[in-house]
$ cat target.txt   # compact mmCIF, C-alpha atoms and all ligand atoms
# COMPACT_ATOMS: atom_id res chain seq x y z
CA MET P 29 0.00 0.00 0.00
CA SER P 30 3.02 2.30 0.36
CA THR P 31 2.73 3.37 -3.29
CA LEU P 32 -0.80 4.77 -2.90
CA PRO P 33 -1.12 8.56 -2.61
CA THR P 34 -1.27 9.91 0.97
CA PRO P 35 -4.63 11.45 1.89
CA ALA P 36 -5.00 14.95 3.31
CA PRO P 37 -5.20 15.18 7.17
CA GLU P 38 -8.97 15.86 7.13
CA ALA P 39 -9.57 12.83 4.87
CA LEU P 40 -7.54 10.67 7.27
CA ASP P 41 -9.58 12.02 10.16
CA HIS P 42 -12.80 11.17 8.30
CA SER P 43 -11.57 7.64 7.62
CA GLY P 44 -10.62 7.30 11.31
CA GLN P 45 -14.18 8.17 12.34
CA LEU P 46 -15.64 5.55 10.01
CA ARG P 47 -13.06 3.06 11.18
CA ARG P 48 -14.19 3.56 14.81
CA HIS P 49 -17.83 3.20 13.73
CA ILE P 50 -16.95 -0.14 12.06
CA GLU P 51 -14.99 -1.33 15.10
CA GLN P 52 -18.01 -0.60 17.31
CA ALA P 53 -20.27 -2.49 14.90
CA ILE P 54 -17.92 -5.50 15.00
CA GLU P 55 -17.85 -5.45 18.80
CA ALA P 56 -21.64 -5.01 19.05
CA ALA P 57 -22.07 -8.03 16.75
CA GLY P 58 -19.91 -10.24 18.98
CA GLY P 59 -16.62 -9.91 17.07
CA TRP P 60 -17.65 -10.75 13.51
CA LEU P 61 -19.42 -8.92 10.66
CA SER P 62 -20.36 -10.44 7.33
CA PHE P 63 -18.34 -8.84 4.54
CA ALA P 64 -21.63 -7.52 3.08
CA THR P 65 -22.26 -5.57 6.30
CA TYR P 66 -18.66 -4.30 6.32
CA MET P 67 -19.00 -3.16 2.68
CA GLU P 68 -22.40 -1.57 3.42
CA LEU P 69 -20.81 0.46 6.25
CA THR P 70 -17.68 1.50 4.34
CA LEU P 71 -19.69 2.65 1.32
CA TYR P 72 -23.04 3.79 2.72
CA ALA P 73 -22.87 4.47 6.51
CA PRO P 74 -24.85 7.75 6.83
CA GLY P 75 -22.52 10.76 6.75
CA LEU P 76 -19.39 8.59 6.78
CA GLY P 77 -19.44 5.98 3.99
CA TYR P 78 -17.66 6.50 0.68
CA TYR P 79 -20.90 7.21 -1.23
CA ALA P 80 -22.69 8.85 1.71
CA ALA P 81 -20.05 11.53 2.33
CA GLY P 82 -18.23 14.04 0.17
CA ALA P 83 -15.35 12.10 -1.44
CA GLY P 84 -14.69 13.23 -5.05
CA LYS P 85 -15.30 9.75 -6.54
CA PHE P 86 -15.71 10.32 -10.31
CA GLY P 87 -13.43 11.85 -12.92
CA ALA P 88 -9.81 12.88 -13.10
CA SER P 89 -9.76 14.36 -9.57
CA GLY P 90 -11.63 11.39 -8.06
CA ASP P 91 -10.93 7.67 -7.75
CA PHE P 92 -12.30 6.14 -10.96
CA VAL P 93 -13.83 7.04 -14.30
CA THR P 94 -17.12 5.67 -15.63
CA ALA P 95 -18.40 5.59 -19.22
CA PRO P 96 -20.59 8.73 -18.98
CA GLU P 97 -17.52 10.67 -17.76
CA ILE P 98 -15.39 9.37 -20.63
CA SER P 99 -17.62 10.43 -23.49
CA SER P 100 -20.95 12.17 -23.99
CA HIS P 101 -21.48 9.75 -26.89
CA PHE P 102 -22.21 7.02 -24.32
CA GLY P 103 -25.38 8.74 -23.06
CA ARG P 104 -26.30 10.10 -26.49
CA THR P 105 -26.16 6.57 -27.89
CA LEU P 106 -28.15 5.08 -25.00
CA ALA P 107 -30.79 7.70 -25.80
CA ARG P 108 -31.52 5.85 -29.05
CA GLN P 109 -32.36 2.68 -27.12
CA ALA P 110 -34.37 4.77 -24.65
CA GLU P 111 -36.33 6.37 -27.49
CA GLN P 112 -37.21 2.98 -28.98
CA VAL P 113 -38.38 1.60 -25.62
CA LEU P 114 -40.39 4.69 -24.64
CA SER P 115 -42.10 4.74 -28.06
CA ARG P 116 -43.38 1.23 -27.26
CA THR P 117 -44.16 1.56 -23.57
CA GLY P 118 -44.72 5.26 -22.87
CA GLY P 119 -43.85 6.32 -19.32
CA ASP P 120 -40.70 7.82 -17.85
CA ILE P 121 -37.01 7.10 -17.29
CA LEU P 122 -35.82 5.98 -13.86
CA GLU P 123 -32.05 6.01 -13.31
CA LEU P 124 -30.56 4.23 -10.32
CA GLY P 125 -27.34 5.64 -8.87
CA ALA P 126 -26.87 8.54 -11.30
CA GLY P 127 -23.31 9.46 -10.22
CA SER P 128 -22.37 12.96 -11.34
CA GLY P 129 -25.62 13.27 -13.38
CA ARG P 130 -23.72 13.30 -16.66
CA LEU P 131 -25.53 10.27 -18.12
CA ALA P 132 -28.95 11.81 -17.39
CA LEU P 133 -27.84 15.09 -18.97
CA ASP P 134 -26.54 13.44 -22.16
CA ILE P 135 -29.57 11.17 -22.56
CA LEU P 136 -32.07 13.98 -22.07
CA GLY P 137 -30.04 16.29 -24.33
CA ARG P 138 -30.20 13.78 -27.17
CA LEU P 139 -33.87 12.91 -26.55
CA ALA P 140 -34.70 16.64 -26.72
CA GLU P 141 -33.04 16.79 -30.16
CA MET P 142 -35.12 13.77 -31.21
CA ASN P 143 -38.37 15.31 -29.86
CA GLY P 144 -38.60 12.30 -27.60
CA LEU P 145 -38.33 13.77 -24.09
CA PRO P 146 -40.12 11.71 -21.43
CA GLY P 147 -42.47 13.53 -19.06
CA ARG P 148 -40.16 12.82 -16.13
CA TYR P 149 -36.61 11.63 -15.47
CA LEU P 150 -36.53 10.07 -12.03
CA ILE P 151 -33.28 9.53 -10.13
CA LEU P 152 -32.95 7.23 -7.14
CA GLU P 153 -29.67 8.21 -5.53
CA VAL P 154 -28.63 6.94 -2.11
CA SER P 155 -25.80 9.47 -1.84
CA PRO P 156 -26.84 12.97 -0.60
CA ASP P 157 -23.71 14.64 -1.98
CA LEU P 158 -24.16 13.04 -5.41
CA ARG P 159 -27.78 14.19 -5.47
CA GLN P 160 -26.59 17.74 -4.96
CA ARG P 161 -23.96 17.37 -7.67
CA GLN P 162 -26.60 16.08 -10.08
CA ARG P 163 -28.88 19.05 -9.36
CA ASP P 164 -25.98 21.49 -9.72
CA LEU P 165 -24.98 19.99 -13.07
CA PHE P 166 -28.48 20.42 -14.51
CA ALA P 167 -28.80 23.91 -13.03
CA ALA P 168 -25.51 24.91 -14.68
CA GLU P 169 -25.88 23.18 -18.06
CA ARG P 170 -29.58 22.52 -18.84
CA PRO P 171 -31.76 24.47 -16.37
CA GLU P 172 -34.73 24.18 -18.74
CA LEU P 173 -34.77 20.41 -18.10
CA LEU P 174 -34.87 20.72 -14.30
CA ASP P 175 -38.68 20.67 -14.13
CA ARG P 176 -38.65 17.11 -15.54
CA MET P 177 -36.17 15.90 -12.95
CA VAL P 178 -37.44 14.15 -9.82
CA TRP P 179 -35.10 12.93 -7.05
CA LEU P 180 -36.52 9.98 -5.14
CA ASP P 181 -35.77 8.66 -1.65
CA ARG P 182 -37.04 5.19 -2.50
CA LEU P 183 -38.32 3.28 -5.50
CA PRO P 184 -41.72 4.40 -6.79
CA ASP P 185 -44.63 2.07 -5.95
CA ARG P 186 -45.53 1.84 -9.65
CA PHE P 187 -43.46 2.66 -12.71
CA ASN P 188 -43.72 2.37 -16.52
CA GLY P 189 -40.91 3.07 -18.97
CA LEU P 190 -37.14 2.58 -18.87
CA VAL P 191 -35.01 1.75 -15.80
CA LEU P 192 -31.29 2.44 -16.25
CA ALA P 193 -28.38 1.48 -14.01
CA ASN P 194 -24.80 2.05 -15.09
CA GLU P 195 -22.20 0.60 -12.69
CA VAL P 196 -24.73 0.24 -9.86
CA LEU P 197 -24.89 -3.55 -9.43
CA ASP P 198 -21.11 -3.63 -8.86
CA ALA P 199 -21.51 -1.15 -5.99
CA LEU P 200 -23.98 -3.31 -4.03
CA PRO P 201 -22.56 -5.04 -0.94
CA VAL P 202 -21.51 -8.66 -1.55
CA HIS P 203 -20.94 -11.62 0.75
CA LEU P 204 -17.61 -13.43 0.59
CA VAL P 205 -17.38 -17.22 0.59
CA ARG P 206 -14.38 -19.55 0.84
CA TRP P 207 -14.29 -23.15 -0.28
CA GLY P 208 -12.77 -25.40 2.41
CA ARG P 209 -12.21 -29.16 2.69
CA ALA P 210 -15.50 -29.59 4.58
CA GLY P 211 -17.63 -27.31 2.37
CA ILE P 212 -18.15 -23.60 1.78
CA GLU P 213 -17.59 -21.15 4.65
CA GLU P 214 -18.39 -17.46 4.91
CA ARG P 215 -15.55 -14.97 5.09
CA GLY P 216 -16.25 -12.05 7.39
CA VAL P 217 -14.42 -9.27 9.21
CA GLY P 218 -13.17 -9.25 12.80
CA LEU P 219 -10.62 -7.41 14.92
CA ALA P 220 -7.22 -8.45 16.24
CA GLY P 221 -6.28 -5.58 18.53
CA SER P 222 -6.81 -2.58 16.28
CA GLU P 223 -6.29 -4.55 13.02
CA LEU P 224 -9.19 -5.54 10.78
CA ILE P 225 -8.78 -9.23 9.94
CA TRP P 226 -10.52 -11.95 7.96
CA ILE P 227 -12.41 -14.60 9.95
CA ASP P 228 -13.97 -17.59 8.18
CA ARG P 229 -16.90 -19.31 9.86
CA ALA P 230 -20.14 -21.18 9.09
CA ILE P 231 -22.43 -19.40 6.64
CA SER P 232 -24.50 -16.76 8.46
CA THR P 233 -27.86 -16.81 6.63
CA PRO P 234 -30.08 -19.43 4.92
CA LEU P 235 -30.32 -17.21 1.83
CA LEU P 236 -26.55 -17.22 1.43
CA LYS P 237 -26.45 -20.97 1.97
CA GLN P 238 -29.03 -21.30 -0.79
CA GLY P 239 -26.94 -19.02 -3.04
CA THR P 240 -23.94 -21.33 -2.72
CA LEU P 241 -25.98 -24.30 -4.02
CA ALA P 242 -25.92 -22.88 -7.56
CA LEU P 243 -22.12 -22.56 -7.62
CA PRO P 244 -19.67 -25.02 -9.13
CA ALA P 245 -17.30 -27.06 -6.92
CA GLN P 246 -13.89 -25.44 -6.36
CA ALA P 247 -10.53 -26.40 -4.91
CA PRO P 248 -10.02 -25.68 -1.17
CA GLY P 249 -8.89 -22.10 -0.64
CA TYR P 250 -10.95 -20.67 -3.52
CA VAL P 251 -12.53 -17.34 -2.49
CA SER P 252 -15.29 -15.49 -4.30
CA GLU P 253 -18.36 -13.33 -3.82
CA ILE P 254 -22.11 -13.83 -3.81
CA ASN P 255 -24.29 -10.80 -4.44
CA LEU P 256 -27.67 -11.26 -2.74
CA ALA P 257 -28.58 -7.56 -3.00
CA GLY P 258 -28.64 -7.63 -6.85
CA PRO P 259 -31.33 -10.33 -7.21
CA ALA P 260 -33.32 -8.70 -4.36
CA LEU P 261 -33.23 -5.38 -6.23
CA ILE P 262 -34.46 -7.09 -9.43
CA GLN P 263 -37.36 -8.69 -7.52
CA THR P 264 -38.40 -5.31 -6.06
CA LEU P 265 -38.12 -3.56 -9.43
CA ALA P 266 -40.11 -6.32 -11.13
CA ASP P 267 -42.89 -5.94 -8.55
CA ARG P 268 -43.12 -2.21 -9.23
CA LEU P 269 -42.79 -2.24 -13.04
CA GLY P 270 -46.07 -2.33 -14.96
CA GLN P 271 -44.66 -2.15 -18.48
CA GLY P 272 -41.10 -1.37 -19.39
CA LEU P 273 -37.46 -2.33 -19.76
CA MET P 274 -34.55 -2.41 -17.33
CA LEU P 275 -31.03 -1.95 -18.71
CA PHE P 276 -28.08 -2.88 -16.51
CA LEU P 277 -24.62 -1.88 -17.73
CA ASP P 278 -21.67 -3.12 -15.73
CA TYR P 279 -18.48 -5.16 -15.67
CA GLY P 280 -19.03 -8.84 -15.18
CA PHE P 281 -19.49 -12.26 -16.68
CA PRO P 282 -21.90 -15.16 -17.04
CA ARG P 283 -21.69 -17.51 -14.02
CA ALA P 284 -19.39 -20.11 -15.62
CA GLU P 285 -16.78 -17.43 -16.30
CA TYR P 286 -17.32 -15.64 -12.97
CA TYR P 287 -16.66 -18.77 -10.91
CA HIS P 288 -13.93 -20.05 -13.24
CA PRO P 289 -11.43 -22.27 -11.39
CA GLN P 290 -8.62 -19.86 -12.25
CA ARG P 291 -10.44 -16.84 -10.75
CA ASP P 292 -9.57 -18.20 -7.31
CA GLY P 293 -9.34 -14.86 -5.51
CA GLY P 294 -12.74 -13.58 -6.67
CA THR P 295 -13.33 -10.19 -8.27
CA LEU P 296 -13.29 -7.79 -5.32
CA MET P 297 -11.56 -4.55 -6.33
CA CYS P 298 -10.84 -1.26 -4.58
CA HIS P 299 -10.35 2.08 -6.31
CA TYR P 300 -8.44 4.92 -4.72
CA ARG P 301 -7.26 7.91 -6.78
CA HIS P 302 -7.04 5.84 -9.96
CA HIS P 303 -5.11 3.02 -8.32
CA ALA P 304 -6.85 -0.36 -8.35
CA HIS P 305 -5.94 -2.81 -5.57
CA THR P 306 -7.50 -5.65 -3.58
CA ASP P 307 -7.35 -4.54 0.09
CA PRO P 308 -10.86 -3.56 1.30
CA PHE P 309 -9.46 -2.67 4.75
CA PHE P 310 -7.37 0.21 3.35
CA LEU P 311 -8.65 3.60 4.59
CA PRO P 312 -12.38 2.82 4.91
CA GLY P 313 -14.54 5.60 3.49
CA LEU P 314 -11.85 6.99 1.20
CA GLN P 315 -11.94 4.29 -1.46
CA ASP P 316 -14.57 2.57 -3.56
CA ILE P 317 -15.06 -1.19 -3.14
CA THR P 318 -16.69 -3.17 -5.94
CA ALA P 319 -17.25 -6.68 -7.21
CA HIS P 320 -17.95 -7.80 -10.77
CA VAL P 321 -21.50 -8.82 -11.64
CA ASP P 322 -22.63 -12.43 -12.05
CA PHE P 323 -25.05 -11.71 -14.89
CA THR P 324 -26.48 -15.24 -14.75
CA ALA P 325 -27.68 -14.55 -11.19
CA ILE P 326 -29.33 -11.31 -12.32
CA ALA P 327 -30.98 -13.00 -15.33
CA ASP P 328 -32.20 -15.89 -13.13
CA ALA P 329 -33.69 -13.42 -10.64
CA ALA P 330 -35.48 -11.64 -13.50
CA GLN P 331 -36.99 -14.88 -14.74
CA ASP P 332 -38.01 -15.91 -11.22
CA ALA P 333 -39.75 -12.54 -10.93
CA GLY P 334 -41.72 -13.22 -14.13
CA MET P 335 -39.73 -10.92 -16.41
CA ALA P 336 -38.32 -11.63 -19.86
CA VAL P 337 -34.55 -11.56 -20.36
CA MET P 338 -34.46 -9.77 -23.72
CA GLY P 339 -30.81 -9.21 -24.51
CA TYR P 340 -27.25 -9.64 -23.25
CA SER P 341 -24.17 -8.44 -25.04
CA ASN P 342 -20.88 -6.71 -24.48
CA GLN P 343 -20.84 -2.93 -24.31
CA ALA P 344 -19.11 -2.47 -27.67
CA THR P 345 -21.69 -4.53 -29.54
CA PHE P 346 -24.59 -2.84 -27.78
CA LEU P 347 -23.32 0.68 -28.48
CA ILE P 348 -22.50 -0.05 -32.11
CA ASN P 349 -25.96 -1.59 -32.60
CA CYS P 350 -27.43 1.60 -31.13
CA GLY P 351 -25.56 3.69 -33.72
CA LEU P 352 -22.59 5.00 -31.71
CA LEU P 353 -20.47 5.45 -34.82
CA ASP P 354 -23.27 7.11 -36.82
CA GLY P 355 -22.92 10.11 -34.51
CA LEU P 356 -19.51 10.83 -36.04
CA GLY P 357 -20.77 10.95 -39.63
CA GLY P 358 -21.08 14.73 -39.71
CA LEU P 359 -17.59 15.45 -38.33
CA ASP P 360 -14.47 16.20 -40.40
CA PRO P 361 -11.98 13.37 -39.61
CA ARG P 362 -9.16 15.96 -39.54
CA SER P 363 -10.91 18.15 -36.97
CA ARG P 364 -9.96 18.39 -33.30
CA GLU P 365 -13.60 17.63 -32.40
CA TYR P 366 -13.44 14.33 -34.32
CA LEU P 367 -10.17 13.30 -32.69
CA GLN P 368 -11.50 14.11 -29.22
CA ALA P 369 -14.69 12.15 -29.87
CA MET P 370 -12.72 9.19 -31.23
CA SER P 371 -10.44 9.06 -28.21
CA GLY P 372 -13.43 8.63 -25.86
CA ILE P 373 -15.25 6.27 -28.20
CA GLN P 374 -12.21 4.02 -28.46
CA LYS P 375 -12.18 3.62 -24.67
CA LEU P 376 -15.86 2.67 -24.73
CA LEU P 377 -15.38 0.14 -27.53
CA GLN P 378 -11.91 -1.37 -27.33
CA PRO P 379 -11.81 -4.94 -25.98
CA THR P 380 -8.79 -4.03 -23.83
CA GLU P 381 -10.69 -1.07 -22.27
CA MET P 382 -14.47 -1.21 -21.66
CA GLY P 383 -15.74 -2.88 -24.83
CA GLU P 384 -15.61 -6.51 -23.72
CA LEU P 385 -15.49 -6.59 -19.89
CA PHE P 386 -18.56 -4.35 -19.65
CA LYS P 387 -21.86 -6.01 -20.50
CA VAL P 388 -25.41 -4.87 -21.07
CA LEU P 389 -28.38 -6.91 -19.82
CA ALA P 390 -31.95 -6.07 -20.84
CA ILE P 391 -34.90 -7.34 -18.80
CA GLY P 392 -38.43 -6.49 -19.88
CA LYS P 393 -42.06 -6.71 -18.89
CA ASN P 394 -44.75 -6.38 -21.56
CA VAL P 395 -42.27 -4.82 -24.03
CA PRO P 396 -42.39 -5.97 -27.64
CA GLY P 397 -38.95 -6.85 -29.07
CA PRO P 398 -36.61 -6.88 -30.84
CA LEU P 399 -34.45 -4.24 -29.17
CA LEU P 400 -32.11 -1.98 -31.14
CA GLY P 401 -29.07 -2.65 -28.95
CA PHE P 402 -29.20 -6.41 -29.39
CA SER P 403 -29.94 -6.60 -33.12
CA ARG P 404 -26.56 -8.28 -33.73
CA GLY P 405 -24.17 -10.24 -31.53
CA ASP P 406 -26.63 -11.12 -28.75
CA ARG P 407 -25.06 -13.53 -26.22
CA LEU P 408 -28.13 -14.60 -24.25
CA HIS P 409 -27.11 -18.22 -24.82
CA SER P 410 -23.97 -17.69 -22.66
CA LEU P 411 -25.91 -16.87 -19.46
C1 LIG J 501 -19.94 3.39 -9.35
S1 LIG J 501 -21.16 4.57 -9.08
C2 LIG J 501 -21.82 4.77 -10.71
C3 LIG J 501 -22.42 6.11 -10.94
C4 LIG J 501 -22.99 6.41 -12.32
N1 LIG J 501 -24.07 5.52 -12.67
C5 LIG J 501 -21.92 6.41 -13.38
O1 LIG J 501 -21.95 5.57 -14.25
O2 LIG J 501 -21.04 7.28 -13.34
C6 LIG J 501 -22.39 3.71 -8.20
C7 LIG J 501 -23.66 4.49 -7.92
O3 LIG J 501 -24.66 3.61 -7.40
C8 LIG J 501 -25.34 4.25 -6.33
N2 LIG J 501 -26.05 3.21 -5.57
C9 LIG J 501 -25.53 2.28 -4.77
N3 LIG J 501 -26.50 1.49 -4.26
C10 LIG J 501 -27.66 1.91 -4.78
C11 LIG J 501 -29.02 1.49 -4.66
N4 LIG J 501 -29.37 0.47 -3.89
N5 LIG J 501 -29.96 2.16 -5.36
C12 LIG J 501 -29.61 3.19 -6.13
N6 LIG J 501 -28.34 3.65 -6.29
C13 LIG J 501 -27.39 3.01 -5.62
C14 LIG J 501 -24.21 5.03 -5.66
O4 LIG J 501 -24.66 6.02 -4.80
C15 LIG J 501 -23.51 5.59 -6.91
O5 LIG J 501 -24.16 6.74 -7.41
$ encode --input "target.txt" --output "structure tokens" --more "lines below"
Ligand SMILES: C[S@@+](CC[C@H](N)C(=O)[O-])C[C@H]1O[C@@H](n2cnc3c(N)ncnc32)[C@H](O)[C@@H]1O
Amino acid sequence: MSTLPTPAPEALDHSGQLRRHIEQAIEAAGGWLSFATYMELTLYAPGLGYYAAGAGKFGASGDFVTAPEISSHFGRTLARQAEQVLSRTGGDILELGAGSGRLALDILGRLAEMNGLPGRYLILEVSPDLRQRQRDLFAAERPELLDRMVWLDRLPDRFNGLVLANEVLDALPVHLVRWGRAGIEERGVGLAGSELIWIDRAISTPLLKQGTLALPAQAPGYVSEINLAGPALIQTLADRLGQGLMLFLDYGFPRAEYYHPQRDGGTLMCHYRHHAHTDPFFLPGLQDITAHVDFTAIADAAQDAGMAVMGYSNQATFLINCGLLDGLGGLDPRSREYLQAMSGIQKLLQPTEMGELFKVLAIGKNVPGPLLGFSRGDRLHSL
């Protein structure tokens, strides 16, 4: 960890407060917390967690960069899929975890050009400081769209239209499991003096036990994650959706690839000032913690909830199907504007950047297909 940048004194103080809060939670729970509870606290503890407090997070001055921050063509291209869905279902757009607000701004900007603005653009954002950033962005760049924006504290009871979530599933707290000689154990967090340590013990909940039943056998010592919050979110969304489509964009794999024998340390990743590492105990509250998405689990949850899994592809294929490259047609290839656009677009499309690792999953209820983004190269069969 010595190569990671040193935080400012006030950031260290903030992390210290969260650290004490976590230590108290471990002691109150009898010396052991599931990793999901630890991750929930480090990311979302009110006023202290990474997403619940004021860390910079996105962009060059933050910890990581997401697709909407890389290129406005990401949101402008997604708008084409949004327009197709809304023309079939009517209703609104609901974005989960809208980050800086950039994706909402680009989608609505493009829909306005297409005369396809929805009545409302709802945002469910658990982070108070991100909510404020989203409002400020609209106020500064497209104030005329503000009256369509609605910030929600919880999911609406009923919703029709398009649900969007870019890099949200990877931010949900996951449980950790470790394959041992006598079966699968749960890996949680305890204390040794003032050190946070791993403690493996019997699985803590029946739901997690059930989750392990779907997983392939592994060699002793294999560690990975199970995301129970993702399928639960799908079930809740499915209950509330009358007619519409949900689009989940994130890094991840089908189950067979996720729990591949060679991926024996799992997919847990931490992001701190553009350094990626694997220590979730490093400066709680100052770094993001994520896990890749098991898209088979999400698709299974959708089917169990009575929804149709309508498309699954990598990000590059989806964006090209939605006409990402058409947007460049009017630009002079020798212009600075073209070169700038191409630099962002390459990051979105290249297999070594976001094109292959990032996937798009479409889940629908009462939506006629086919969908623009999956017209070629659909990989539903791989789930
Ligand atoms: C990695 S960021 C992605 C932000 C943005 N979508 C982007 O692409 O830049 C994860 C986002 O998910 C939000 N989030 C986490 N759990 C959530 C939940 N249960 N419902 C809605 N948003 C959630 C976080 O507050 C944060 O805005």
$ residues_around --input "target.txt" --residues "region 220-232 of chain P" --least-positions-apart "3" --cutoff "8 Å" --atoms "all atoms listed in the file" --output "MDAnalysis selection string"
chainID P and resid 60 62 206 212:217 236:237 309
$ atom_distance --input "target.txt" --atom1 "CA of Gly118 (chain P)" --atom2 "CA of Asp185 (chain P)"
17.2 Å
$ closest_residue --input "target.txt" --among "P:Leu124, P:Ala247, P:Ile135, P:Leu353" --to "ligand LIG 501 (chain J)" --atoms "only C-alpha atoms and all ligand atoms"
P:Leu124
$ residues_near_point --input "target.txt" --point "(-13.2, -29.6, 0.5)" --cutoff "9 Å" --atoms "all atoms listed in the file" --output "MDAnalysis selection string"
chainID P and resid 207:212 245:249
$ atom_distance --input "target.txt" --atom1 "atom O2 of ligand LIG 501 (chain J)" --atom2 "CA of Gln331 (chain P)"
27.3 Å
$ residues_near_ligand --input "target.txt" --ligand "ligand LIG 501 (chain J)" --cutoff "9 Å" --atoms "all atoms listed in the file" --output "VMD selection string"
chain P and resid 71 to 72 78 to 80 85 to 87 92 to 97 123 to 131 151 to 156 158 to 159 182 to 183 192 to 201 257 to 258 261 277 to 278 316 318
$ residues_around --input "target.txt" --residues "region 36-51 of chain P" --least-positions-apart "2" --cutoff "12 Å" --atoms "only C-alpha atoms" --output "VMD selection string"
chain P and resid 33 to 34 53 to 63 65 to 78 80 to 84 217 to 225 309 to 315
